[in-house]
$ cat data_8.cif   # mmCIF, C-alpha atoms
data_coords
loop_
_atom_site.label_atom_id
_atom_site.label_comp_id
_atom_site.auth_asym_id
_atom_site.auth_seq_id
_atom_site.Cartn_x
_atom_site.Cartn_y
_atom_site.Cartn_z
CA MET A 1 27.42 -18.92 75.72
CA ASP A 2 31.02 -19.98 75.27
CA ASP A 3 32.51 -19.07 71.93
CA ARG A 4 34.90 -21.90 71.11
CA ARG A 5 36.18 -20.30 67.92
CA THR A 6 39.71 -18.96 67.82
CA PRO A 7 39.99 -15.15 67.71
CA LEU A 8 41.13 -15.41 64.08
CA ALA A 9 38.12 -17.57 63.08
CA ARG A 10 35.79 -15.12 64.81
CA ALA A 11 37.38 -12.18 63.03
CA ARG A 12 37.11 -13.90 59.64
CA GLY A 13 33.46 -14.82 60.30
CA LEU A 14 33.45 -17.55 57.66
CA GLY A 15 32.01 -20.38 59.79
CA SER A 16 32.60 -24.12 59.41
CA ALA A 17 31.77 -24.17 55.69
CA LYS A 18 34.56 -21.59 55.12
CA ASP A 19 32.55 -19.30 52.87
CA GLY A 20 30.50 -17.33 55.37
CA VAL A 21 27.07 -15.86 54.66
CA GLY A 22 27.90 -14.48 51.19
CA HIS A 23 25.72 -16.91 49.24
CA TRP A 24 22.75 -16.59 51.62
CA TRP A 25 22.99 -12.80 51.77
CA THR A 26 23.36 -12.33 48.00
CA GLN A 27 20.31 -14.53 47.44
CA ARG A 28 18.27 -12.24 49.73
CA LEU A 29 19.62 -9.00 48.23
CA THR A 30 18.84 -10.18 44.68
CA ALA A 31 15.40 -11.34 45.88
CA ILE A 32 14.61 -7.85 47.23
CA ALA A 33 15.85 -6.22 44.01
CA LEU A 34 13.71 -8.59 41.95
CA ILE A 35 10.44 -7.70 43.72
CA PRO A 36 9.84 -4.41 41.84
CA LEU A 37 11.60 -5.67 38.69
CA VAL A 38 9.41 -8.79 38.36
CA VAL A 39 6.22 -6.79 39.01
CA TRP A 40 7.26 -4.31 36.30
CA PHE A 41 8.23 -7.07 33.88
CA ALA A 42 5.10 -9.19 34.42
CA VAL A 43 2.84 -6.18 33.84
CA SER A 44 4.83 -5.24 30.72
CA LEU A 45 4.72 -8.80 29.39
CA VAL A 46 0.93 -8.93 29.74
CA MET A 47 0.55 -5.53 28.08
CA LEU A 48 2.79 -6.68 25.20
CA SER A 49 0.48 -9.61 24.40
CA GLY A 50 -0.19 -9.57 20.67
CA ALA A 51 2.35 -6.81 19.99
CA ASP A 52 4.13 -7.11 16.62
CA TYR A 53 7.86 -7.21 15.90
CA ALA A 54 8.28 -3.45 15.41
CA SER A 55 6.45 -2.44 18.60
CA VAL A 56 8.31 -5.06 20.68
CA ARG A 57 11.64 -3.70 19.37
CA ALA A 58 10.54 -0.12 20.02
CA TRP A 59 9.63 -1.10 23.58
CA ILE A 60 12.89 -2.98 24.27
CA GLY A 61 14.97 -0.16 22.74
CA SER A 62 13.64 2.71 24.85
CA PRO A 63 16.27 3.83 27.41
CA THR A 64 14.25 3.13 30.58
CA VAL A 65 13.22 -0.31 29.37
CA MET A 66 16.80 -1.18 28.36
CA VAL A 67 18.05 -0.41 31.88
CA LEU A 68 15.21 -2.23 33.65
CA LEU A 69 15.33 -5.22 31.28
CA ILE A 70 19.11 -5.66 31.69
CA LEU A 71 18.66 -5.45 35.48
CA THR A 72 15.80 -7.98 35.40
CA ILE A 73 17.66 -10.53 33.27
CA GLY A 74 21.03 -10.01 34.98
CA ILE A 75 19.80 -10.10 38.58
CA GLY A 76 17.25 -12.79 37.72
CA LEU A 77 19.91 -15.11 36.27
CA HIS A 78 22.22 -14.43 39.23
CA HIS A 79 19.43 -15.23 41.71
CA GLY A 80 18.51 -18.31 39.66
CA GLN A 81 22.01 -19.77 39.54
CA LEU A 82 22.42 -19.22 43.30
CA GLY A 83 19.17 -21.13 43.86
CA LEU A 84 20.03 -23.94 41.43
CA GLN A 85 23.41 -24.31 43.16
CA VAL A 86 21.55 -25.16 46.40
CA VAL A 87 19.30 -27.60 44.52
CA PHE A 88 22.32 -29.45 43.11
CA GLU A 89 24.07 -29.36 46.51
CA ASP A 90 20.98 -31.04 47.97
CA TYR A 91 20.42 -33.75 45.35
CA THR A 92 23.78 -34.52 43.71
CA ASP A 93 27.21 -35.63 44.89
CA GLY A 94 30.88 -35.67 44.01
CA ALA A 95 31.98 -34.93 40.46
CA TRP A 96 28.42 -34.62 39.12
CA ARG A 97 27.66 -31.96 41.71
CA VAL A 98 30.65 -29.92 40.55
CA PHE A 99 29.72 -30.52 36.89
CA TRP A 100 26.10 -29.34 37.25
CA ILE A 101 26.92 -26.29 39.36
CA VAL A 102 29.69 -25.16 36.98
CA LEU A 103 27.42 -25.78 33.97
CA VAL A 104 24.63 -23.68 35.51
CA LYS A 105 27.02 -20.82 36.29
CA PHE A 106 28.50 -20.89 32.78
CA LEU A 107 25.04 -20.92 31.17
CA ALA A 108 23.87 -18.03 33.36
CA VAL A 109 26.82 -15.86 32.28
CA LEU A 110 26.53 -16.91 28.62
CA PHE A 111 22.79 -16.22 28.31
CA GLY A 112 23.02 -13.08 30.43
CA LEU A 113 25.76 -11.57 28.29
CA ALA A 114 24.02 -12.59 25.04
CA ALA A 115 20.77 -10.98 26.24
CA ILE A 116 22.54 -7.75 27.25
CA VAL A 117 24.28 -7.51 23.85
CA ALA A 118 20.93 -8.14 22.12
CA ILE A 119 19.18 -5.42 24.14
CA LEU A 120 21.96 -2.88 23.50
CA ARG A 121 21.96 -3.77 19.80
CA ILE A 122 18.20 -3.13 19.57
CA GLY A 123 18.52 0.15 21.49
CA PHE A 124 21.52 1.54 19.66
CA GLY A 125 20.57 0.17 16.24
CA GLY A 126 22.78 -2.45 14.65
CA MET B 1 27.29 -58.71 53.52
CA SER B 2 28.01 -56.56 56.52
CA VAL B 3 25.25 -55.28 58.73
CA ALA B 4 25.80 -51.74 57.50
CA ASN B 5 25.30 -52.71 53.83
CA ARG B 6 22.19 -54.83 54.34
CA PRO B 7 19.21 -53.35 52.50
CA THR B 8 16.79 -51.79 54.94
CA SER B 9 13.29 -53.26 54.95
CA ARG B 10 12.13 -51.27 57.98
CA PRO B 11 9.97 -48.19 57.31
CA LEU B 12 12.03 -45.09 56.66
CA SER B 13 11.33 -41.55 57.76
CA PRO B 14 9.25 -39.61 56.75
CA HIS B 15 6.90 -42.55 56.09
CA LEU B 16 5.81 -41.22 52.72
CA GLN B 17 3.14 -43.89 52.30
CA VAL B 18 1.29 -42.75 55.44
CA TYR B 19 2.44 -39.13 55.37
CA ARG B 20 -0.29 -36.52 55.36
CA PRO B 21 0.88 -33.52 53.31
CA GLN B 22 0.42 -30.11 54.91
CA LEU B 23 0.00 -26.73 53.26
CA THR B 24 3.36 -25.55 54.60
CA SER B 25 5.42 -28.42 53.15
CA MET B 26 3.55 -28.36 49.82
CA LEU B 27 4.17 -24.61 49.43
CA SER B 28 7.83 -25.14 50.29
CA ILE B 29 8.18 -27.78 47.55
CA LEU B 30 6.29 -25.54 45.11
CA HIS B 31 8.68 -22.66 45.90
CA ARG B 32 11.64 -24.76 44.80
CA ALA B 33 9.77 -26.16 41.78
CA THR B 34 8.75 -22.70 40.54
CA GLY B 35 12.29 -21.46 41.21
CA ILE B 36 13.69 -24.18 38.93
CA ALA B 37 11.00 -23.39 36.33
CA LEU B 38 11.84 -19.67 36.46
CA SER B 39 15.56 -20.40 35.97
CA VAL B 40 14.64 -22.07 32.70
CA GLY B 41 12.16 -19.23 32.12
CA ALA B 42 15.02 -16.72 32.44
CA LEU B 43 16.78 -18.47 29.54
CA TYR B 44 13.50 -18.26 27.61
CA LEU B 45 13.40 -14.52 28.33
CA ALA B 46 17.01 -14.17 27.11
CA ILE B 47 16.12 -16.06 23.90
CA TRP B 48 13.20 -13.66 23.40
CA VAL B 49 15.40 -10.52 23.29
CA ILE B 50 18.06 -12.36 21.27
CA CYS B 51 15.41 -13.27 18.65
CA ALA B 52 14.13 -9.68 18.65
CA ALA B 53 17.68 -8.48 17.95
CA ALA B 54 18.38 -11.16 15.33
CA GLY B 55 15.69 -9.95 12.92
CA PRO B 56 12.08 -10.41 11.77
CA ARG B 57 12.54 -14.05 10.62
CA ALA B 58 13.95 -15.23 13.96
CA TYR B 59 11.32 -13.27 15.86
CA ALA B 60 8.51 -14.74 13.74
CA ALA B 61 9.74 -18.26 14.58
CA PHE B 62 9.77 -17.39 18.26
CA GLN B 63 6.26 -15.90 18.03
CA ASP B 64 5.00 -19.01 16.20
CA PHE B 65 5.99 -21.04 19.23
CA ASN B 66 4.41 -18.52 21.64
CA VAL B 67 0.99 -18.67 19.98
CA SER B 68 0.99 -22.49 19.85
CA ILE B 69 -0.79 -24.46 22.56
CA LEU B 70 2.56 -25.45 24.09
CA GLY B 71 3.74 -21.83 23.93
CA ARG B 72 0.58 -20.63 25.69
CA ILE B 73 1.15 -23.20 28.44
CA VAL B 74 4.80 -22.12 28.80
CA LEU B 75 3.89 -18.40 28.98
CA GLY B 76 0.95 -19.03 31.31
CA GLY B 77 3.13 -21.27 33.48
CA TRP B 78 5.87 -18.62 33.47
CA LEU B 79 3.44 -16.01 34.85
CA PHE B 80 2.06 -18.43 37.46
CA SER B 81 5.59 -19.40 38.58
CA ALA B 82 6.71 -15.76 38.69
CA PHE B 83 3.73 -14.64 40.81
CA TYR B 84 3.90 -17.62 43.16
CA HIS B 85 7.67 -17.36 43.67
CA LEU B 86 7.31 -13.58 44.12
CA PHE B 87 4.58 -13.78 46.78
CA ASN B 88 6.04 -16.77 48.60
CA GLY B 89 9.49 -15.18 48.34
CA ILE B 90 8.18 -12.13 50.22
CA ARG B 91 6.83 -14.60 52.83
CA HIS B 92 10.33 -16.09 53.08
CA LEU B 93 11.89 -12.64 53.51
CA PHE B 94 9.58 -12.00 56.49
CA TRP B 95 10.75 -15.29 58.00
CA ASP B 96 14.37 -14.27 57.35
CA ALA B 97 13.67 -11.06 59.27
CA GLY B 98 12.27 -13.15 62.15
CA TYR B 99 8.52 -12.66 61.69
CA GLY B 100 5.63 -15.07 61.17
CA PHE B 101 7.05 -18.28 62.66
CA ASP B 102 3.95 -19.21 64.73
CA LEU B 103 2.14 -22.15 63.16
CA LYS B 104 -1.03 -20.07 62.86
CA ASP B 105 0.84 -17.26 61.11
CA ALA B 106 2.64 -19.68 58.78
CA TYR B 107 -0.68 -21.14 57.67
CA ARG B 108 -2.33 -17.73 57.32
CA SER B 109 0.52 -16.30 55.22
CA GLY B 110 0.50 -19.51 53.18
CA TRP B 111 -3.16 -19.13 52.29
CA ILE B 112 -2.65 -15.44 51.48
CA VAL B 113 0.09 -16.47 49.03
CA VAL B 114 -2.17 -19.11 47.42
CA VAL B 115 -5.13 -16.75 46.99
CA ALA B 116 -2.99 -13.80 45.80
CA THR B 117 -1.20 -16.02 43.25
CA LEU B 118 -4.45 -17.42 41.85
CA ILE B 119 -6.14 -14.00 41.58
CA VAL B 120 -3.17 -12.23 39.96
CA THR B 121 -2.40 -15.15 37.62
CA VAL B 122 -5.98 -15.49 36.36
CA LEU B 123 -6.27 -11.70 36.04
CA SER B 124 -3.08 -11.48 33.97
CA TRP B 125 -4.20 -14.37 31.75
CA ILE B 126 -7.56 -12.65 31.10
CA VAL B 127 -5.97 -9.28 30.32
CA GLY B 128 -3.24 -10.89 28.19
CA LEU B 129 -5.63 -13.01 26.14
CA ARG B 130 -7.92 -10.02 25.56
CA LEU B 131 -5.04 -8.03 24.08
CA VAL B 132 -4.00 -10.79 21.67
#

$ encode --input "data_8.cif" --output "C-alpha cells"
Amino acid sequence: MDDRRTPLARARGLGSAKDGVGHWWTQRLTAIALIPLVVWFAVSLVMLSGADYASVRAWIGSPTVMVLLILTIGIGLHHGQLGLQVVFEDYTDGAWRVFWIVLVKFLAVLFGLAAIVAILRIGFGG
Amino acid sequence: MSVANRPTSRPLSPHLQVYRPQLTSMLSILHRATGIALSVGALYLAIWVICAAAGPRAYAAFQDFNVSILGRIVLGGWLFSAFYHLFNGIRHLFWDAGYGFDLKDAYRSGWIVVVATLIVTVLSWIVGLRLV
C-alpha cells in the first residue's frame, strides 16, 4: 500500500493526532502491571476485614507492603487518569473537556502523592 | 431556520427504542462503568492510608463509614468492580494482541469473564464477612 506520509512524518511516527501511540501503550503497560498488583491487593483487603488500627498500620508499614502498596496506588491512579481522559474526550467538548481532564490529572497527582507520604510516614514512624 | 438546524424527527441510529442489547456491548459498557468506579475507588484507597497515617481518631471515623450499610456497599462494589475490570481487562489485552475476535470467541470469553467475576466476588464477600 502507498504510504502518503512524508519521510519526516514517518520517522516521527506520531500520526494525524500528533501524539503517537504513547497514551494507548502506557494504558496497556499499566494494565499489565496492575494484574498481579490488584490480585495481591484484593486478597490482602479481604484478609484485613475486621483488622484493628494497630494491625492495619503494622501491615501497611512492613517494607514489602509499602513497596507494593505505593506501586498499586501510583500505577492505579495513572491508569485511571488515562482512562478518564478518554471518557472526557468522548463525552465533553471545548473548554469543559480541558477543565475536566486537567482536574482529573491534578487530583491523581495530589491523592497519589498524599498516599505515598502517608505510607512512608506509617513505615518510618512519624 | 435552515435545513441543517431543523430538529430531526426521523429515527436516529442506533434505534435505542428497538435495540436489542447483546452481551458484548453490555460488557463493554460495564468495563467503562467499573473503570470510572475504580478511579473513584483509588481515591478511597488513598484516603484509607491517609487516615491510617493521621491517627486513631481519623481511622476510627473511616472505619465507622466502612462498617455502615453504605460502606459495605462501597467496599463490596469496589471488589466487584476490581474483579470485573481485571478479568475483562485481560480479555481486552488478548484482543490487543490480536486474539479472540471471532464472534463465537468474543461471546465465550465474555461469559467466562461474567462467571469468573461472580464466583470470585461472592467468594471474597463470604471470606471477608466471616473475618469481620

$ interface_residues --input "data_8.cif" --of "chain A" --to "chain B" --cutoff "7 Å" --atoms "all atoms listed in the file" --output "list of chain:residue names"
A:Ile35, A:Val46, A:Met47, A:Ser49, A:Gly50, A:Tyr53, A:Arg57, A:Ile73, A:Gly76, A:Leu77, A:Gly80, A:Leu84, A:Phe111, A:Gly112, A:Ala115, A:Ala118, A:Ile119, A:Arg121, A:Ile122

$ write_last_selection --input "data_8.cif" --atoms "C-alpha atoms" --output "PDB file, keeping the file's coordinate frame"
ATOM      1  CA  ILE A  35      10.440  -7.700  43.720  1.00  0.00           C
ATOM      2  CA  VAL A  46       0.930  -8.930  29.740  1.00  0.00           C
ATOM      3  CA  MET A  47       0.550  -5.530  28.080  1.00  0.00           C
ATOM      4  CA  SER A  49       0.480  -9.610  24.400  1.00  0.00           C
ATOM      5  CA  GLY A  50      -0.190  -9.570  20.670  1.00  0.00           C
ATOM      6  CA  TYR A  53       7.860  -7.210  15.900  1.00  0.00           C
ATOM      7  CA  ARG A  57      11.640  -3.700  19.370  1.00  0.00           C
ATOM      8  CA  ILE A  73      17.660 -10.530  33.270  1.00  0.00           C
ATOM      9  CA  GLY A  76      17.250 -12.790  37.720  1.00  0.00           C
ATOM     10  CA  LEU A  77      19.910 -15.110  36.270  1.00  0.00           C
ATOM     11  CA  GLY A  80      18.510 -18.310  39.660  1.00  0.00           C
ATOM     12  CA  LEU A  84      20.030 -23.940  41.430  1.00  0.00           C
ATOM     13  CA  PHE A 111      22.790 -16.220  28.310  1.00  0.00           C
ATOM     14  CA  GLY A 112      23.020 -13.080  30.430  1.00  0.00           C
ATOM     15  CA  ALA A 115      20.770 -10.980  26.240  1.00  0.00           C
ATOM     16  CA  ALA A 118      20.930  -8.140  22.120  1.00  0.00           C
ATOM     17  CA  ILE A 119      19.180  -5.420  24.140  1.00  0.00           C
ATOM     18  CA  ARG A 121      21.960  -3.770  19.800  1.00  0.00           C
ATOM     19  CA  ILE A 122      18.200  -3.130  19.570  1.00  0.00           C
TER      20      ILE A 122
END

$ residues_around --input "data_8.cif" --residues "Gly110 of chain B" --least-positions-apart "2" --cutoff "10 Å" --atoms "all atoms listed in the file" --output "PyMOL selection string"
chain B and resi 23-24+26-28+87-88+91+104-108+112-116

$ resolve_selection --input "data_8.cif" --expression "the PyMOL selection byres ((chain A and resi 83) around 12)" --output "number ranges by chain"
A: 23-24, 26-28, 30-31, 76-82, 84-90, 101, 104-105, 108; B: 31-39

$ atom_distance --input "data_8.cif" --atom1 "atom CA of Leu30 of chain B" --atom2 "atom CA of His85 of chain B"
8.4 Å

$ atom_distance --input "data_8.cif" --atom1 "atom CA of Gly123 of chain A" --atom2 "atom CA of Phe106 of chain A"
25.9 Å

$ atom_distance --input "data_8.cif" --atom1 "atom CA of Ala58 of chain A" --atom2 "atom CA of Val39 of chain A"
20.6 Å

$ residues_near_point --input "data_8.cif" --point "(12.7, -5.8, 38.5)" --cutoff "10 Å" --atoms "only C-alpha atoms" --output "number ranges by chain"
A: 30-42, 68-76

$ write_last_selection --input "data_8.cif" --atoms "C-alpha atoms" --output "mmCIF file, keeping the file's coordinate frame"
data_model
loop_
_atom_site.group_PDB
_atom_site.id
_atom_site.type_symbol
_atom_site.label_atom_id
_atom_site.label_comp_id
_atom_site.auth_asym_id
_atom_site.auth_seq_id
_atom_site.Cartn_x
_atom_site.Cartn_y
_atom_site.Cartn_z
ATOM 1 C CA THR A 30 18.840 -10.180 44.680
ATOM 2 C CA ALA A 31 15.400 -11.340 45.880
ATOM 3 C CA ILE A 32 14.610 -7.850 47.230
ATOM 4 C CA ALA A 33 15.850 -6.220 44.010
ATOM 5 C CA LEU A 34 13.710 -8.590 41.950
ATOM 6 C CA ILE A 35 10.440 -7.700 43.720
ATOM 7 C CA PRO A 36 9.840 -4.410 41.840
ATOM 8 C CA LEU A 37 11.600 -5.670 38.690
ATOM 9 C CA VAL A 38 9.410 -8.790 38.360
ATOM 10 C CA VAL A 39 6.220 -6.790 39.010
ATOM 11 C CA TRP A 40 7.260 -4.310 36.300
ATOM 12 C CA PHE A 41 8.230 -7.070 33.880
ATOM 13 C CA ALA A 42 5.100 -9.190 34.420
ATOM 14 C CA LEU A 68 15.210 -2.230 33.650
ATOM 15 C CA LEU A 69 15.330 -5.220 31.280
ATOM 16 C CA ILE A 70 19.110 -5.660 31.690
ATOM 17 C CA LEU A 71 18.660 -5.450 35.480
ATOM 18 C CA THR A 72 15.800 -7.980 35.400
ATOM 19 C CA ILE A 73 17.660 -10.530 33.270
ATOM 20 C CA GLY A 74 21.030 -10.010 34.980
ATOM 21 C CA ILE A 75 19.800 -10.100 38.580
ATOM 22 C CA GLY A 76 17.250 -12.790 37.720
#

$ build_atoms --input "data_8.cif" --residues "segment 5-19 of chain A" --atoms "N, CA and C atoms" --output "mmCIF file, in the coordinates of the input"
data_model
loop_
_atom_site.group_PDB
_atom_site.id
_atom_site.type_symbol
_atom_site.label_atom_id
_atom_site.label_comp_id
_atom_site.auth_asym_id
_atom_site.auth_seq_id
_atom_site.Cartn_x
_atom_site.Cartn_y
_atom_site.Cartn_z
ATOM 1 N N ARG A 5 35.357 -20.631 69.093
ATOM 2 C CA ARG A 5 36.180 -20.300 67.920
ATOM 3 C C ARG A 5 37.456 -19.594 68.369
ATOM 4 N N THR A 6 38.499 -19.723 67.545
ATOM 5 C CA THR A 6 39.710 -18.960 67.820
ATOM 6 C C THR A 6 39.436 -17.506 67.475
ATOM 7 N N PRO A 7 40.200 -16.576 68.048
ATOM 8 C CA PRO A 7 39.990 -15.150 67.710
ATOM 9 C C PRO A 7 40.085 -14.893 66.210
ATOM 10 N N LEU A 8 40.987 -15.612 65.525
ATOM 11 C CA LEU A 8 41.130 -15.410 64.080
ATOM 12 C C LEU A 8 39.862 -15.869 63.349
ATOM 13 N N ALA A 9 39.328 -17.056 63.737
ATOM 14 C CA ALA A 9 38.120 -17.570 63.080
ATOM 15 C C ALA A 9 36.959 -16.614 63.305
ATOM 16 N N ARG A 10 36.881 -16.050 64.517
ATOM 17 C CA ARG A 10 35.790 -15.120 64.810
ATOM 18 C C ARG A 10 35.927 -13.861 63.961
ATOM 19 N N ALA A 11 37.150 -13.390 63.816
ATOM 20 C CA ALA A 11 37.380 -12.180 63.030
ATOM 21 C C ALA A 11 37.061 -12.417 61.549
ATOM 22 N N ARG A 12 37.400 -13.615 61.052
ATOM 23 C CA ARG A 12 37.110 -13.900 59.640
ATOM 24 C C ARG A 12 35.616 -14.069 59.423
ATOM 25 N N GLY A 13 34.908 -14.658 60.383
ATOM 26 C CA GLY A 13 33.460 -14.820 60.300
ATOM 27 C C GLY A 13 33.002 -15.691 59.154
ATOM 28 N N LEU A 14 33.792 -16.710 58.810
ATOM 29 C CA LEU A 14 33.450 -17.550 57.660
ATOM 30 C C LEU A 14 32.776 -18.872 58.054
ATOM 31 N N GLY A 15 32.719 -19.179 59.347
ATOM 32 C CA GLY A 15 32.010 -20.380 59.790
ATOM 33 C C GLY A 15 32.680 -21.667 59.377
ATOM 34 N N SER A 16 31.990 -22.804 59.659
ATOM 35 C CA SER A 16 32.600 -24.120 59.410
ATOM 36 C C SER A 16 32.663 -24.453 57.930
ATOM 37 N N ALA A 17 31.776 -23.875 57.127
ATOM 38 C CA ALA A 17 31.770 -24.170 55.690
ATOM 39 C C ALA A 17 32.787 -23.314 54.938
ATOM 40 N N LYS A 18 33.448 -22.393 55.643
ATOM 41 C CA LYS A 18 34.560 -21.590 55.120
ATOM 42 C C LYS A 18 34.168 -20.531 54.090
ATOM 43 N N ASP A 19 32.867 -20.369 53.809
ATOM 44 C CA ASP A 19 32.550 -19.300 52.870
ATOM 45 C C ASP A 19 31.513 -18.324 53.421
#
